[in-house]
Amino acid sequence: MRSPTLNMTERLHRDLYRYLFPGDGLEAAAVLLCNQGSGRNSQRLVAAELINLPYEMSQRSPHSVTWPFELYFNTERICEVDQLGQSIVTVHSHPNGNKKFSALDDCNDRELFKSINGWFDDDHINGAALMTSNGELVARSVNAKGEFGQFRSVGVCGNSIKIWKDSINRHQTEYSRKLSQTFGTGTLNLLQSLRVGVVGCSGTGSIVVELLTRNCVGELVLVDDDTIEEKNLNRIVNGTLENAKQRLPKVFAIKNSLERLGLSTSVDIYEELTDSPTVVSSLIDCDVIFGCVDSAGGRYHLECVASAYLIPYFDVGVHIEADGMGDISAADAVSHYVHPNGRSLLSRGAYTMDQVVAENWKRTDEEYYANQRNAGYLAAVGDEQPAVMSLNMQAACLAFNDFLARIHSFRLDENEEFAIQRFRLVHGCFESEKDSDRPHPLFERFVGTGDRSILVKNNTRRD
């Protein structure tokens, strides 16, 4: 059985907390219905619906809660859950702050999940979770035999990123101990436990990889289908002339350089496009994704995955306008943070669906694209922009520092104030924009749907 994770939006987590802690000091209970996320190495349970179990129909005390579960799951509802392939996760509160399941919890869960697992013919993971008074969640699986298994992590995706791991105490080296002096051992341990995807390993991506590695992130998933050329050497960190002569894939070159560095980060590489089913299943395993792509299609695919599987997504980009005479009229380093309850990149105008369609045609049928473009039916696909290494570094640092702020909460202002960050080189100024809770209708359809959306889109099934 693959190691499970439980993931939810910040809004659902807030609603769950408010219900489980009404202020009376008594335990309360709720149920999460979760869609599936079929990662390569883990099963991602994506919370899609919250069912609050009424206080008046439960037996509640400061140390226990029981409820007539069968009243809320009749035959019709069970068939609906079964048809959707959803998992059931019960959640109850521990007002006393205890993060361990009690002996009574063990007894109740064994009895309850013997019935729950018997309802379904599939092998989906079902489980139980507890929430403490500070909002932390601890989850475990329960099979039909009453055997318990630990969830690898519980994650909350929103303006702040909350990730609680099963066990994140790692061996500390002299190097990592120096880092812990800045953000504390708790944040360092979390960084060492994270699996982070970086899609696009060129100008901004190679710098993001360097920042993640030197800050002790435990695992990296690197995705890029391109090779190193001599023209890339002015912007790819650790790219060499020998790499360019060999036309070495960018992901191989970066992995080789990280291995020579000798730190503890492990690296998983994919020389493929963002919409590859293999890439998607690998990204499902990630706690966070950085998108460092320069195409509308790449951004669209990553937004779909991040929305469907509730994965925090940082988009990194650079916009340069050259006047053709050796000067620049605009040069911006840009970082976007995207989460399921906020605005998408599409809503923000970072790309258009016309660009996505045009890029797809140019990639699959250049002659058709040229004809349709000349006839005015397809949008123009932009040429490669000139590169300024210092601006690439500025964009990568904006995104990486934003990531740190969302897992550590060190900002004086609220995180929602920094949904978009820009450094305008020509104007010499920094700008930030606030997020809103009005996602694009296109991505509202994807939020929390997991494999139900992405598998249909890819028209394939993963093992």
# chains A, B, ... in the order shown; residues from 1 in each chain; ligands from 1
call {"tool": "select_by_dssp", "arguments": {"residues": "region 134-358 of chain A", "states": "helix (DSSP H, G or I)", "output": "ChimeraX atom specification"}}
result
/A:174-193,205-214,230-234,241-246,250-261,277-284,296-309,353-358
call {"tool": "residues_around", "arguments": {"residues": "Val154 (chain A)", "least_positions_apart": "3", "cutoff": "6 Å", "atoms": "only C-alpha atoms", "output": "ChimeraX atom specification"}}
result
/A:5-7,163-164
call {"tool": "residues_around", "arguments": {"residues": "region 442-449 of chain A", "least_positions_apart": "2", "cutoff": "8 Å", "atoms": "only C-alpha atoms", "output": "ChimeraX atom specification"}}
result
/A:8,35-36,46-48,303-304,307-310,340,344,439-440,451-453
call {"tool": "write_last_selection", "arguments": {"atoms": "N, CA, C and O atoms", "output": "compact mmCIF listing (two decimals), in the first residue's frame"}}
result
# COMPACT_ATOMS: atom_id res chain seq x y z
N MET A 8 -6.15 19.51 2.26
CA MET A 8 -7.38 20.30 2.24
C MET A 8 -7.06 21.77 2.00
O MET A 8 -5.90 22.19 2.13
N ASN A 35 -11.47 12.90 -2.50
CA ASN A 35 -11.16 12.35 -3.82
C ASN A 35 -9.73 11.79 -3.82
O ASN A 35 -8.95 12.06 -2.92
N GLN A 36 -9.42 11.04 -4.87
CA GLN A 36 -8.14 10.33 -4.93
C GLN A 36 -7.09 11.08 -5.74
O GLN A 36 -7.41 11.73 -6.74
N VAL A 46 -7.69 13.94 -1.20
CA VAL A 46 -7.97 15.35 -1.43
C VAL A 46 -9.37 15.66 -0.89
O VAL A 46 -10.38 15.23 -1.46
N ALA A 47 -9.43 16.38 0.21
CA ALA A 47 -10.71 16.66 0.87
C ALA A 47 -11.62 17.47 -0.05
O ALA A 47 -11.26 18.56 -0.49
N ALA A 48 -12.81 16.92 -0.33
CA ALA A 48 -13.74 17.57 -1.24
C ALA A 48 -14.99 18.07 -0.55
O ALA A 48 -15.62 19.02 -1.01
N GLU A 303 -1.39 24.79 -13.31
CA GLU A 303 -2.53 25.28 -12.53
C GLU A 303 -3.61 24.21 -12.38
O GLU A 303 -4.22 24.08 -11.32
N CYS A 304 -3.84 23.44 -13.43
CA CYS A 304 -4.82 22.35 -13.36
C CYS A 304 -4.42 21.34 -12.29
O CYS A 304 -5.24 20.93 -11.46
N SER A 307 -4.61 22.87 -8.70
CA SER A 307 -6.00 23.04 -8.26
C SER A 307 -6.64 21.71 -7.92
O SER A 307 -7.30 21.56 -6.89
N ALA A 308 -6.47 20.71 -8.79
CA ALA A 308 -7.12 19.42 -8.60
C ALA A 308 -6.62 18.71 -7.35
O ALA A 308 -7.40 18.05 -6.65
N TYR A 309 -5.32 18.84 -7.06
CA TYR A 309 -4.73 18.09 -5.95
C TYR A 309 -4.39 18.97 -4.74
O TYR A 309 -3.77 18.50 -3.80
N LEU A 310 -4.81 20.23 -4.77
CA LEU A 310 -4.61 21.16 -3.65
C LEU A 310 -3.14 21.27 -3.26
O LEU A 310 -2.75 21.08 -2.11
N PRO A 340 -5.91 27.21 -4.20
CA PRO A 340 -7.23 26.90 -4.76
C PRO A 340 -8.34 27.88 -4.42
O PRO A 340 -9.32 27.98 -5.18
N SER A 344 -6.52 32.64 -9.97
CA SER A 344 -5.59 31.86 -10.78
C SER A 344 -4.70 32.78 -11.59
O SER A 344 -4.94 34.00 -11.70
N PRO A 439 -11.83 32.77 -7.50
CA PRO A 439 -11.07 32.01 -8.50
C PRO A 439 -11.76 32.03 -9.85
O PRO A 439 -12.97 32.24 -9.96
N HIS A 440 -10.99 31.81 -10.89
CA HIS A 440 -11.54 31.74 -12.25
C HIS A 440 -12.50 30.56 -12.35
O HIS A 440 -12.22 29.47 -11.84
N ASP A 451 -7.95 12.84 -9.26
CA ASP A 451 -7.87 12.03 -10.48
C ASP A 451 -9.11 12.15 -11.35
O ASP A 451 -9.05 11.88 -12.55
N ARG A 452 -10.23 12.52 -10.77
CA ARG A 452 -11.48 12.60 -11.55
C ARG A 452 -11.36 13.59 -12.70
O ARG A 452 -11.97 13.41 -13.75
N SER A 453 -10.56 14.65 -12.51
CA SER A 453 -10.36 15.63 -13.58
C SER A 453 -9.12 15.33 -14.40
O SER A 453 -9.15 15.34 -15.63
call {"tool": "residues_around", "arguments": {"residues": "region 265-267 of chain A", "least_positions_apart": "3", "cutoff": "7 Å", "atoms": "only C-alpha atoms", "output": "PyMOL selection string"}}
result
chain A and resi 213+216-221+255
call {"tool": "select_by_dssp", "arguments": {"residues": "region 158-281 of chain A", "states": "strand (DSSP E or B)", "output": "count of residues only"}}
result
22
call {"tool": "atom_distance", "arguments": {"atom1": "CA of Pro249 (chain A)", "atom2": "CA of Ile207 (chain A)"}}
result
16.5 Å
